[in-house]
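Asker: Input data.cif, format and content: mmCIF, C-alpha atoms.
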data_input
#
loop_
_atom_site.group_PDB
_atom_site.id
_atom_site.type_symbol
_atom_site.label_atom_id
_atom_site.label_comp_id
_atom_site.auth_asym_id
_atom_site.auth_seq_id
_atom_site.Cartn_x
_atom_site.Cartn_y
_atom_site.Cartn_z
ATOM 1 C CA MET B 1 1.322 29.931 16.870
ATOM 2 C CA ASN B 2 2.616 33.159 15.361
ATOM 3 C CA LEU B 3 5.936 33.029 13.538
ATOM 4 C CA SER B 4 8.130 35.896 12.496
ATOM 5 C CA ARG B 5 8.505 36.687 8.806
ATOM 6 C CA PRO B 6 12.079 35.266 8.584
ATOM 7 C CA ALA B 7 10.895 32.059 10.285
ATOM 8 C CA ARG B 8 8.004 31.674 7.824
ATOM 9 C CA ILE B 9 10.342 32.224 4.888
ATOM 10 C CA ALA B 10 12.824 29.675 6.257
ATOM 11 C CA LEU B 11 10.074 27.087 6.804
ATOM 12 C CA ARG B 12 8.647 27.616 3.325
ATOM 13 C CA THR B 13 12.102 27.369 1.775
ATOM 14 C CA ALA B 14 12.867 24.154 3.654
ATOM 15 C CA ALA B 15 9.481 22.702 2.670
ATOM 16 C CA GLY B 16 10.041 23.676 -0.967
ATOM 17 C CA LEU B 17 13.465 22.043 -1.033
ATOM 18 C CA GLY B 18 12.059 18.906 0.572
ATOM 19 C CA PHE B 19 9.232 18.623 -1.964
ATOM 20 C CA ALA B 20 11.667 19.314 -4.802
ATOM 21 C CA ALA B 21 13.966 16.503 -3.632
ATOM 22 C CA ILE B 22 10.996 14.127 -3.564
ATOM 23 C CA TYR B 23 9.077 15.059 -6.692
ATOM 24 C CA LEU B 24 11.645 16.386 -9.173
ATOM 25 C CA PRO B 25 13.143 12.904 -9.766
ATOM 26 C CA LEU B 26 9.625 11.591 -10.406
ATOM 27 C CA LEU B 27 9.035 14.409 -12.876
ATOM 28 C CA LEU B 28 12.292 13.552 -14.668
ATOM 29 C CA VAL B 29 11.150 9.939 -14.999
ATOM 30 C CA LEU B 30 7.864 11.098 -16.496
ATOM 31 C CA LEU B 31 9.648 13.409 -18.940
ATOM 32 C CA GLY B 32 12.082 10.633 -19.831
ATOM 33 C CA SER B 33 9.190 8.437 -20.931
ATOM 34 C CA PHE B 34 8.461 10.970 -23.715
ATOM 35 C CA ASN B 35 12.115 11.404 -24.727
ATOM 36 C CA PRO B 36 12.685 10.122 -28.290
ATOM 37 C CA ASP B 37 16.372 9.496 -27.497
ATOM 38 C CA ARG B 38 17.279 6.143 -25.923
ATOM 39 C CA SER B 39 20.229 7.644 -24.054
ATOM 40 C CA ALA B 40 18.121 9.892 -21.779
ATOM 41 C CA SER B 41 19.736 13.057 -23.097
ATOM 42 C CA TRP B 42 18.880 16.375 -21.487
ATOM 43 C CA PRO B 43 17.117 18.482 -22.522
ATOM 44 C CA PRO B 44 14.986 16.062 -24.588
ATOM 45 C CA PRO B 45 15.301 16.728 -28.329
ATOM 46 C CA GLY B 46 11.556 16.255 -28.739
ATOM 47 C CA ILE B 47 8.465 14.407 -27.571
ATOM 48 C CA THR B 48 7.285 10.971 -28.636
ATOM 49 C CA LEU B 49 4.697 8.396 -27.572
ATOM 50 C CA ASP B 50 6.575 5.511 -29.202
ATOM 51 C CA TRP B 51 7.932 4.233 -25.889
ATOM 52 C CA TRP B 52 4.441 4.127 -24.394
ATOM 53 C CA ALA B 53 3.319 1.963 -27.310
ATOM 54 C CA ALA B 54 6.424 -0.213 -26.915
ATOM 55 C CA ALA B 55 5.731 -0.626 -23.183
ATOM 56 C CA TRP B 56 2.159 -1.673 -23.906
ATOM 57 C CA ASP B 57 3.396 -4.277 -26.408
ATOM 58 C CA ASN B 58 5.990 -5.620 -23.953
ATOM 59 C CA GLU B 59 4.660 -8.982 -22.775
ATOM 60 C CA GLY B 60 7.032 -9.092 -19.797
ATOM 61 C CA ALA B 61 5.799 -5.736 -18.482
ATOM 62 C CA ARG B 62 2.142 -6.704 -18.920
ATOM 63 C CA ALA B 63 2.669 -10.028 -17.166
ATOM 64 C CA ALA B 64 4.519 -8.309 -14.308
ATOM 65 C CA LEU B 65 1.701 -5.763 -13.975
ATOM 66 C CA TRP B 66 -0.903 -8.516 -13.715
ATOM 67 C CA THR B 67 1.244 -10.358 -11.147
ATOM 68 C CA SER B 68 1.486 -7.195 -9.027
ATOM 69 C CA VAL B 69 -2.282 -6.692 -9.200
ATOM 70 C CA LYS B 70 -3.003 -10.289 -8.150
ATOM 71 C CA ALA B 71 -0.489 -10.206 -5.307
ATOM 72 C CA GLY B 72 -1.756 -6.812 -4.139
ATOM 73 C CA LEU B 73 -5.413 -7.857 -4.131
ATOM 74 C CA ALA B 74 -4.699 -11.126 -2.308
ATOM 75 C CA ALA B 75 -2.503 -9.435 0.299
ATOM 76 C CA THR B 76 -5.150 -6.738 0.792
ATOM 77 C CA VAL B 77 -7.879 -9.319 1.436
ATOM 78 C CA VAL B 78 -5.701 -11.118 3.996
ATOM 79 C CA ALA B 79 -4.785 -7.804 5.640
ATOM 80 C CA LEU B 80 -8.412 -6.661 5.828
ATOM 81 C CA VAL B 81 -9.561 -9.867 7.511
ATOM 82 C CA LEU B 82 -6.686 -10.320 9.958
ATOM 83 C CA GLY B 83 -6.077 -6.625 10.606
ATOM 84 C CA THR B 84 -9.747 -5.988 11.406
ATOM 85 C CA LEU B 85 -10.065 -9.014 13.691
ATOM 86 C CA ILE B 86 -6.919 -8.101 15.618
ATOM 87 C CA ALA B 87 -8.022 -4.458 15.887
ATOM 88 C CA PHE B 88 -11.357 -5.488 17.396
ATOM 89 C CA ALA B 89 -9.656 -7.852 19.826
ATOM 90 C CA VAL B 90 -7.157 -5.227 20.981
ATOM 91 C CA GLN B 91 -9.564 -2.295 21.147
ATOM 92 C CA ARG B 92 -12.779 -3.901 22.381
ATOM 93 C CA PHE B 93 -11.457 -6.493 24.871
ATOM 94 C CA THR B 94 -9.097 -6.570 27.830
ATOM 95 C CA PHE B 95 -6.847 -9.611 28.164
ATOM 96 C CA PHE B 96 -3.375 -10.553 29.305
ATOM 97 C CA GLY B 97 -0.731 -9.597 26.723
ATOM 98 C CA ARG B 98 -2.922 -7.141 24.802
ATOM 99 C CA GLU B 99 -0.162 -4.545 24.517
ATOM 100 C CA ALA B 100 2.307 -7.234 23.414
ATOM 101 C CA VAL B 101 -0.090 -8.322 20.658
ATOM 102 C CA SER B 102 -0.502 -4.727 19.501
ATOM 103 C CA PHE B 103 3.286 -4.246 19.440
ATOM 104 C CA ALA B 104 3.836 -7.506 17.545
ATOM 105 C CA VAL B 105 1.324 -6.482 14.873
ATOM 106 C CA VAL B 106 2.877 -3.046 14.308
ATOM 107 C CA LEU B 107 6.533 -4.191 14.457
ATOM 108 C CA PRO B 108 6.838 -5.527 10.842
ATOM 109 C CA ILE B 109 6.256 -2.069 9.337
ATOM 110 C CA ALA B 110 9.168 -0.689 11.394
ATOM 111 C CA LEU B 111 11.647 -3.449 10.540
ATOM 112 C CA PRO B 112 13.946 -2.951 7.526
ATOM 113 C CA GLY B 113 12.512 -4.675 4.483
ATOM 114 C CA ILE B 114 15.676 -6.681 3.914
ATOM 115 C CA VAL B 115 15.473 -8.111 7.456
ATOM 116 C CA THR B 116 11.849 -9.123 6.924
ATOM 117 C CA GLY B 117 12.689 -10.591 3.520
ATOM 118 C CA ILE B 118 15.594 -12.677 4.814
ATOM 119 C CA ALA B 119 13.556 -13.918 7.790
ATOM 120 C CA LEU B 120 10.618 -14.908 5.584
ATOM 121 C CA ASN B 121 12.870 -16.587 3.032
ATOM 122 C CA SER B 122 14.529 -18.635 5.765
ATOM 123 C CA ALA B 123 11.168 -19.581 7.265
ATOM 124 C CA PHE B 124 9.665 -20.566 3.909
ATOM 125 C CA THR B 125 12.639 -22.666 2.821
ATOM 126 C CA THR B 126 12.865 -24.354 6.235
ATOM 127 C CA VAL B 127 9.173 -25.017 6.882
ATOM 128 C CA LEU B 128 7.282 -24.974 3.580
ATOM 129 C CA GLU B 129 9.724 -26.501 1.106
ATOM 130 C CA PRO B 130 9.883 -29.858 2.959
ATOM 131 C CA LEU B 131 6.067 -29.888 2.675
ATOM 132 C CA GLY B 132 6.257 -29.380 -1.090
ATOM 133 C CA VAL B 133 5.407 -25.666 -1.106
ATOM 134 C CA GLY B 134 8.161 -23.679 -2.821
ATOM 135 C CA LEU B 135 8.653 -19.978 -3.291
ATOM 136 C CA GLY B 136 5.998 -18.495 -5.550
ATOM 137 C CA MET B 137 2.851 -16.383 -5.555
ATOM 138 C CA PHE B 138 1.663 -17.812 -2.235
ATOM 139 C CA THR B 139 4.845 -16.829 -0.403
ATOM 140 C CA VAL B 140 4.778 -13.361 -2.019
ATOM 141 C CA VAL B 141 1.228 -12.797 -0.750
ATOM 142 C CA VAL B 142 2.181 -13.966 2.744
ATOM 143 C CA GLY B 143 5.242 -11.710 2.727
ATOM 144 C CA HIS B 144 3.244 -8.664 1.615
ATOM 145 C CA ALA B 145 0.472 -9.382 4.117
ATOM 146 C CA THR B 146 2.930 -9.156 7.023
ATOM 147 C CA PHE B 147 3.227 -5.393 6.594
ATOM 148 C CA CYS B 148 -0.147 -4.718 4.929
ATOM 149 C CA ILE B 149 -1.915 -5.910 8.084
ATOM 150 C CA VAL B 150 -0.356 -2.994 9.948
ATOM 151 C CA VAL B 151 -2.040 -0.242 7.915
ATOM 152 C CA VAL B 152 -5.451 -1.923 8.186
ATOM 153 C CA PHE B 153 -4.933 -2.492 11.905
ATOM 154 C CA ASN B 154 -3.970 1.146 12.516
ATOM 155 C CA ASN B 155 -6.923 2.498 10.520
ATOM 156 C CA VAL B 156 -9.464 0.257 12.241
ATOM 157 C CA VAL B 157 -8.078 0.871 15.735
ATOM 158 C CA ALA B 158 -8.136 4.634 15.156
ATOM 159 C CA ARG B 159 -11.770 4.469 14.063
ATOM 160 C CA LEU B 160 -12.819 2.150 16.910
ATOM 161 C CA ARG B 161 -11.344 4.579 19.424
ATOM 162 C CA ARG B 162 -13.815 7.172 18.137
ATOM 163 C CA LEU B 163 -16.770 4.771 18.303
ATOM 164 C CA PRO B 164 -18.230 4.147 21.779
ATOM 165 C CA GLY B 165 -19.025 0.532 22.529
ATOM 166 C CA SER B 166 -22.449 1.631 23.743
ATOM 167 C CA TYR B 167 -23.695 1.553 20.119
ATOM 168 C CA GLU B 168 -23.304 -2.218 19.900
ATOM 169 C CA GLU B 169 -24.567 -2.681 23.456
ATOM 170 C CA ALA B 170 -27.733 -0.725 22.669
ATOM 171 C CA ALA B 171 -28.331 -2.823 19.552
ATOM 172 C CA MET B 172 -27.926 -6.057 21.513
ATOM 173 C CA ASP B 173 -30.250 -4.755 24.238
ATOM 174 C CA LEU B 174 -32.858 -4.370 21.512
ATOM 175 C CA GLY B 175 -32.431 -8.013 20.521
ATOM 176 C CA ALA B 176 -29.703 -7.964 17.862
ATOM 177 C CA HIS B 177 -27.119 -10.736 18.081
ATOM 178 C CA THR B 178 -23.389 -9.967 17.830
ATOM 179 C CA PHE B 179 -23.021 -10.254 14.058
ATOM 180 C CA ARG B 180 -26.270 -8.377 13.427
ATOM 181 C CA ALA B 181 -25.091 -5.526 15.645
ATOM 182 C CA PHE B 182 -21.785 -5.447 13.784
ATOM 183 C CA TRP B 183 -23.393 -5.444 10.332
ATOM 184 C CA ASP B 184 -26.106 -2.859 11.090
ATOM 185 C CA ILE B 185 -24.263 -0.560 13.502
ATOM 186 C CA THR B 186 -20.495 -0.968 13.574
ATOM 187 C CA PHE B 187 -19.715 -1.710 9.926
ATOM 188 C CA PRO B 188 -21.494 1.377 8.457
ATOM 189 C CA LEU B 189 -19.591 3.592 10.907
ATOM 190 C CA MET B 190 -16.183 2.150 10.046
ATOM 191 C CA ARG B 191 -16.443 1.156 6.372
ATOM 192 C CA SER B 192 -14.527 4.232 5.193
ATOM 193 C CA ALA B 193 -11.670 3.276 7.553
ATOM 194 C CA LEU B 194 -11.701 -0.257 6.151
ATOM 195 C CA LEU B 195 -11.678 1.023 2.582
ATOM 196 C CA ALA B 196 -8.864 3.472 3.348
ATOM 197 C CA GLY B 197 -6.826 0.731 4.996
ATOM 198 C CA GLY B 198 -7.434 -1.605 2.059
ATOM 199 C CA LEU B 199 -6.350 1.022 -0.461
ATOM 200 C CA LEU B 200 -3.170 1.771 1.477
ATOM 201 C CA ALA B 201 -2.437 -1.944 1.833
ATOM 202 C CA PHE B 202 -2.837 -2.454 -1.911
ATOM 203 C CA ALA B 203 -0.573 0.512 -2.675
ATOM 204 C CA LEU B 204 2.120 -0.830 -0.315
ATOM 205 C CA SER B 205 1.940 -4.292 -1.840
ATOM 206 C CA PHE B 206 1.855 -3.024 -5.409
ATOM 207 C CA ASP B 207 5.211 -1.228 -5.245
ATOM 208 C CA GLU B 208 7.026 -3.525 -2.786
ATOM 209 C CA ILE B 209 10.340 -4.876 -4.087
ATOM 210 C CA VAL B 210 12.657 -5.819 -1.197
ATOM 211 C CA VAL B 211 10.429 -8.423 0.461
ATOM 212 C CA THR B 212 9.291 -9.631 -2.967
ATOM 213 C CA THR B 213 12.875 -10.318 -4.018
ATOM 214 C CA PHE B 214 13.337 -12.744 -1.115
ATOM 215 C CA THR B 215 9.915 -14.418 -1.236
ATOM 216 C CA ALA B 216 9.232 -14.785 -4.980
ATOM 217 C CA GLY B 217 10.260 -17.879 -6.858
ATOM 218 C CA PRO B 218 12.017 -17.821 -10.249
ATOM 219 C CA GLY B 219 8.695 -17.768 -12.123
ATOM 220 C CA VAL B 220 7.156 -14.845 -10.215
ATOM 221 C CA GLN B 221 8.048 -11.311 -11.264
ATOM 222 C CA THR B 222 6.116 -8.277 -10.055
ATOM 223 C CA LEU B 223 6.266 -4.910 -11.782
ATOM 224 C CA PRO B 224 8.861 -3.349 -9.408
ATOM 225 C CA VAL B 225 11.069 -6.439 -9.812
ATOM 226 C CA TRP B 226 10.689 -6.217 -13.607
ATOM 227 C CA ILE B 227 11.786 -2.569 -13.497
ATOM 228 C CA SER B 228 14.801 -3.433 -11.333
ATOM 229 C CA ASN B 229 15.845 -6.256 -13.656
ATOM 230 C CA ASN B 230 15.596 -4.098 -16.782
ATOM 231 C CA MET B 231 17.223 -0.904 -15.513
ATOM 232 C CA THR B 232 20.689 -2.160 -16.459
ATOM 233 C CA ARG B 233 19.666 -2.873 -20.054
ATOM 234 C CA PRO B 234 20.349 0.252 -22.166
ATOM 235 C CA GLN B 235 17.858 -0.738 -24.869
ATOM 236 C CA GLN B 236 15.089 -1.019 -22.297
ATOM 237 C CA ALA B 237 15.711 2.309 -20.539
ATOM 238 C CA PRO B 238 12.902 4.284 -22.275
ATOM 239 C CA VAL B 239 10.403 1.473 -21.679
ATOM 240 C CA VAL B 240 11.476 1.282 -18.028
ATOM 241 C CA ASN B 241 10.771 5.015 -17.719
ATOM 242 C CA VAL B 242 7.262 4.469 -19.067
ATOM 243 C CA VAL B 243 6.575 1.563 -16.717
ATOM 244 C CA ALA B 244 7.984 3.524 -13.764
ATOM 245 C CA ALA B 245 5.751 6.495 -14.647
ATOM 246 C CA VAL B 246 2.710 4.198 -14.793
ATOM 247 C CA LEU B 247 3.703 2.646 -11.453
ATOM 248 C CA VAL B 248 3.869 6.087 -9.842
ATOM 249 C CA LEU B 249 0.485 7.091 -11.241
ATOM 250 C CA LEU B 250 -1.145 3.831 -10.161
ATOM 251 C CA SER B 251 0.294 4.210 -6.660
ATOM 252 C CA VAL B 252 -0.925 7.789 -6.284
ATOM 253 C CA ILE B 253 -4.588 6.926 -6.927
ATOM 254 C CA PRO B 254 -5.210 4.559 -3.968
ATOM 255 C CA ILE B 255 -3.095 6.696 -1.622
ATOM 256 C CA TYR B 256 -5.063 9.842 -2.510
ATOM 257 C CA ALA B 257 -8.369 7.993 -2.154
ATOM 258 C CA ALA B 258 -7.303 6.558 1.208
ATOM 259 C CA GLN B 259 -6.280 10.006 2.435
ATOM 260 C CA ARG B 260 -9.666 11.433 1.475
ATOM 261 C CA LEU B 261 -11.521 8.568 3.122
ATOM 262 C CA SER B 262 -9.452 8.792 6.306
ATOM 263 C CA SER B 263 -10.373 12.450 6.678
ATOM 264 C CA ASP B 264 -14.115 11.722 6.525
ATOM 265 C CA PRO B 265 -15.842 12.292 9.873
ATOM 266 C CA VAL B 266 -17.526 9.376 11.574
ATOM 267 C CA SER B 267 -20.789 11.276 11.539
ATOM 268 C CA GLY B 268 -20.641 11.279 7.742
ATOM 269 C CA ASP B 269 -20.706 7.489 7.792
ATOM 270 C CA ALA B 270 -23.596 7.486 10.216
ATOM 271 C CA ARG B 271 -25.697 9.743 7.988
ATOM 272 C CA GLU B 272 -25.240 7.295 5.154
#
So that I can check it, write out the structure of this file as structure tokens.
Answerer:
Amino acid sequence: MNLSRPARIALRTAAGLGFAAIYLPLLLVLLGSFNPDRSASWPPPGITLDWWAAAWDNEGARAALWTSVKAGLAATVVALVLGTLIAFAVQRFTFFGREAVSFAVVLPIALPGIVTGIALNSAFTTVLEPLGVGLGMFTVVVGHATFCIVVVFNNVVARLRRLPGSYEEAAMDLGAHTFRAFWDITFPLMRSALLAGGLLAFALSFDEIVVTTFTAGPGVQTLPVWISNNMTRPQQAPVVNVVAAVLVLLSVIPIYAAQRLSSDPVSGDARE
């Protein structure tokens, strides 16, 4: 499609303004982490690494980071298992209600986080608490898995649509049983999609705050929740900037890796 020069300029200007609205606040947070002044003055009177050292020595921030990592890894494992199984069922088999199952799996990612959080909190307090299971790490993992399954499901379904079922059928004709055909044929062709989905699921879980607020007990505090709780404390503002900058950097890595893996052709997996 050929665009006129004014149209190209308008599109580039709109794109530039959009990127500026997204990334300039993140840049300000990063610069604020090096600001020697506690009051976030602008422009910064200098540069210091003292707040980075203070953030590293902050036991609450370190504990919250470790909690986020554990919750993210657990939710990713659950999402990989359930999301992959559901994707295979929906894509490889025909059964009554298949479209309804696909819709039900994707729906949680479209619902507002506060609606999901309230619903999960009500379900946990109604069903689990009478059984002796209160809000805590387990409920956080379950809450995160509800939307992490979606990204794994979408990645696996997209890859399966590009893989003809004749590959597995040919392997089974040669004597391979179902799991052998999956391990030798299907898995090598879709492992990059699984890895990309897992990385995206971990990134989503790692920076989730709304659902976590409703599903975490009083003793569970993830890194985003720690940041939210400390933002109103003036003495903690520089440390919060450091932790927020680290959170952004840690979130960028899996998302970038997942984007690179998702763009890999299927034939590249087959050559491996």
Asker: As a check of understanding, name the residues that the PyMOL selection byres ((chain B and resi 81) around 12) selects in the supplied structure, as a PyMOL selection string.
Answerer: chain B and resi 74-80+82-88+145+148-150+152-153+156+194+197-198
Asker: Residues near B:Val106, anyone? I mean within 9 Å using only C-alpha atoms, not counting same-chain ones fewer than 3 positions away, as a ChimeraX atom specification.
Answerer: /B:101-103,109-110,147,149-151,153-154
Asker: Give the answer as one residue: which of B:Asn155, B:Ser68, B:Thr215, B:Thr186 has the shortest atom-to-atom distance to B:Glu168, using all atoms listed in the file?
Answerer: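 Using all atoms listed in the file, the shortest distance to B:Glu168 belongs to B:Thr186.
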Asker: Select all residues near (-0.2, 6.6, -6.2) (cut-off 12 Å, inclusive, file coordinates), counting only C-alpha atoms, and output them as a count of residues only.
Answerer: 26
Asker: Around the point (13.0, 15.3, -14.9) in the file's coordinates, collect all residues with an atom within 12 Å, using all atoms listed in the file, and return them as a CSV table (one decimal) with C-alpha atoms, in the frame of the given file.
Answerer:
chain,number,residue,atom,x,y,z
B,20,ALA,CA,11.7,19.3,-4.8
B,21,ALA,CA,14.0,16.5,-3.6
B,22,ILE,CA,11.0,14.1,-3.6
B,23,TYR,CA,9.1,15.1,-6.7
B,24,LEU,CA,11.6,16.4,-9.2
B,25,PRO,CA,13.1,12.9,-9.8
B,26,LEU,CA,9.6,11.6,-10.4
B,27,LEU,CA,9.0,14.4,-12.9
B,28,LEU,CA,12.3,13.6,-14.7
B,29,VAL,CA,11.2,9.9,-15.0
B,30,LEU,CA,7.9,11.1,-16.5
B,31,LEU,CA,9.6,13.4,-18.9
B,32,GLY,CA,12.1,10.6,-19.8
B,33,SER,CA,9.2,8.4,-20.9
B,34,PHE,CA,8.5,11.0,-23.7
B,35,ASN,CA,12.1,11.4,-24.7
B,40,ALA,CA,18.1,9.9,-21.8
B,41,SER,CA,19.7,13.1,-23.1
B,42,TRP,CA,18.9,16.4,-21.5
B,43,PRO,CA,17.1,18.5,-22.5
B,44,PRO,CA,15.0,16.1,-24.6
B,241,ASN,CA,10.8,5.0,-17.7
B,245,ALA,CA,5.8,6.5,-14.6
Asker: Writing N, CA and C atoms and nothing else, produce stretch 39-63 of chain B as a PDB file, in the first residue's frame.
Answerer:
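Output file decode.pdb follows:
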ATOM      1  N   SER B  39      13.190  13.641  47.107  1.00  0.00           N
ATOM      2  CA  SER B  39      11.935  14.272  46.721  1.00  0.00           C
ATOM      3  C   SER B  39      11.664  14.212  45.229  1.00  0.00           C
ATOM      4  N   ALA B  40      12.424  13.449  44.473  1.00  0.00           N
ATOM      5  CA  ALA B  40      12.221  13.295  43.027  1.00  0.00           C
ATOM      6  C   ALA B  40      12.217  14.634  42.312  1.00  0.00           C
ATOM      7  N   SER B  41      13.173  15.478  42.632  1.00  0.00           N
ATOM      8  CA  SER B  41      13.268  16.787  41.993  1.00  0.00           C
ATOM      9  C   SER B  41      13.681  16.624  40.531  1.00  0.00           C
ATOM     10  N   TRP B  42      13.315  17.634  39.737  1.00  0.00           N
ATOM     11  CA  TRP B  42      13.654  17.583  38.310  1.00  0.00           C
ATOM     12  C   TRP B  42      14.156  18.944  37.857  1.00  0.00           C
ATOM     13  N   PRO B  43      15.285  19.007  37.148  1.00  0.00           N
ATOM     14  CA  PRO B  43      16.140  17.868  36.777  1.00  0.00           C
ATOM     15  C   PRO B  43      16.929  17.350  37.980  1.00  0.00           C
ATOM     16  N   PRO B  44      17.389  16.104  37.948  1.00  0.00           N
ATOM     17  CA  PRO B  44      18.144  15.550  39.075  1.00  0.00           C
ATOM     18  C   PRO B  44      19.414  16.366  39.324  1.00  0.00           C
ATOM     19  N   PRO B  45      19.732  16.636  40.584  1.00  0.00           N
ATOM     20  CA  PRO B  45      20.942  17.408  40.879  1.00  0.00           C
ATOM     21  C   PRO B  45      22.224  16.611  40.664  1.00  0.00           C
ATOM     22  N   GLY B  46      22.113  15.327  40.438  1.00  0.00           N
ATOM     23  CA  GLY B  46      23.301  14.504  40.233  1.00  0.00           C
ATOM     24  C   GLY B  46      22.911  13.063  39.996  1.00  0.00           C
ATOM     25  N   ILE B  47      23.882  12.186  40.098  1.00  0.00           N
ATOM     26  CA  ILE B  47      23.662  10.750  39.895  1.00  0.00           C
ATOM     27  C   ILE B  47      24.272   9.999  41.065  1.00  0.00           C
ATOM     28  N   THR B  48      23.532   9.017  41.566  1.00  0.00           N
ATOM     29  CA  THR B  48      24.035   8.203  42.672  1.00  0.00           C
ATOM     30  C   THR B  48      23.548   6.768  42.521  1.00  0.00           C
ATOM     31  N   LEU B  49      24.323   5.839  43.056  1.00  0.00           N
ATOM     32  CA  LEU B  49      23.941   4.426  43.099  1.00  0.00           C
ATOM     33  C   LEU B  49      23.543   3.999  44.512  1.00  0.00           C
ATOM     34  N   ASP B  50      23.419   4.975  45.412  1.00  0.00           N
ATOM     35  CA  ASP B  50      23.107   4.645  46.809  1.00  0.00           C
ATOM     36  C   ASP B  50      21.758   3.951  46.935  1.00  0.00           C
ATOM     37  N   TRP B  51      20.779   4.396  46.146  1.00  0.00           N
ATOM     38  CA  TRP B  51      19.442   3.800  46.260  1.00  0.00           C
ATOM     39  C   TRP B  51      19.433   2.365  45.755  1.00  0.00           C
ATOM     40  N   TRP B  52      20.276   2.047  44.787  1.00  0.00           N
ATOM     41  CA  TRP B  52      20.359   0.671  44.310  1.00  0.00           C
ATOM     42  C   TRP B  52      20.928  -0.230  45.411  1.00  0.00           C
ATOM     43  N   ALA B  53      21.924   0.293  46.124  1.00  0.00           N
ATOM     44  CA  ALA B  53      22.480  -0.472  47.250  1.00  0.00           C
ATOM     45  C   ALA B  53      21.437  -0.617  48.364  1.00  0.00           C
ATOM     46  N   ALA B  54      20.681   0.463  48.613  1.00  0.00           N
ATOM     47  CA  ALA B  54      19.653   0.403  49.653  1.00  0.00           C
ATOM     48  C   ALA B  54      18.547  -0.587  49.279  1.00  0.00           C
ATOM     49  N   ALA B  55      18.190  -0.632  47.986  1.00  0.00           N
ATOM     50  CA  ALA B  55      17.165  -1.581  47.543  1.00  0.00           C
ATOM     51  C   ALA B  55      17.645  -3.020  47.702  1.00  0.00           C
ATOM     52  N   TRP B  56      18.921  -3.253  47.412  1.00  0.00           N
ATOM     53  CA  TRP B  56      19.468  -4.593  47.562  1.00  0.00           C
ATOM     54  C   TRP B  56      19.489  -5.036  49.030  1.00  0.00           C
ATOM     55  N   ASP B  57      19.705  -4.087  49.926  1.00  0.00           N
ATOM     56  CA  ASP B  57      19.750  -4.394  51.363  1.00  0.00           C
ATOM     57  C   ASP B  57      18.362  -4.457  51.995  1.00  0.00           C
ATOM     58  N   ASN B  58      17.332  -4.089  51.242  1.00  0.00           N
ATOM     59  CA  ASN B  58      15.968  -4.082  51.775  1.00  0.00           C
ATOM     60  C   ASN B  58      15.428  -5.512  51.803  1.00  0.00           C
ATOM     61  N   GLU B  59      15.242  -6.051  53.001  1.00  0.00           N
ATOM     62  CA  GLU B  59      14.793  -7.435  53.132  1.00  0.00           C
ATOM     63  C   GLU B  59      13.377  -7.624  52.578  1.00  0.00           C
ATOM     64  N   GLY B  60      12.520  -6.621  52.760  1.00  0.00           N
ATOM     65  CA  GLY B  60      11.155  -6.732  52.250  1.00  0.00           C
ATOM     66  C   GLY B  60      11.120  -6.840  50.738  1.00  0.00           C
ATOM     67  N   ALA B  61      11.957  -6.043  50.053  1.00  0.00           N
ATOM     68  CA  ALA B  61      11.994  -6.095  48.590  1.00  0.00           C
ATOM     69  C   ALA B  61      12.542  -7.432  48.101  1.00  0.00           C
ATOM     70  N   ARG B  62      13.582  -7.931  48.764  1.00  0.00           N
ATOM     71  CA  ARG B  62      14.161  -9.217  48.355  1.00  0.00           C
ATOM     72  C   ARG B  62      13.168 -10.353  48.574  1.00  0.00           C
ATOM     73  N   ALA B  63      12.472 -10.326  49.698  1.00  0.00           N
ATOM     74  CA  ALA B  63      11.478 -11.368  49.961  1.00  0.00           C
ATOM     75  C   ALA B  63      10.334 -11.301  48.947  1.00  0.00           C
TER      76      ALA B  63
END
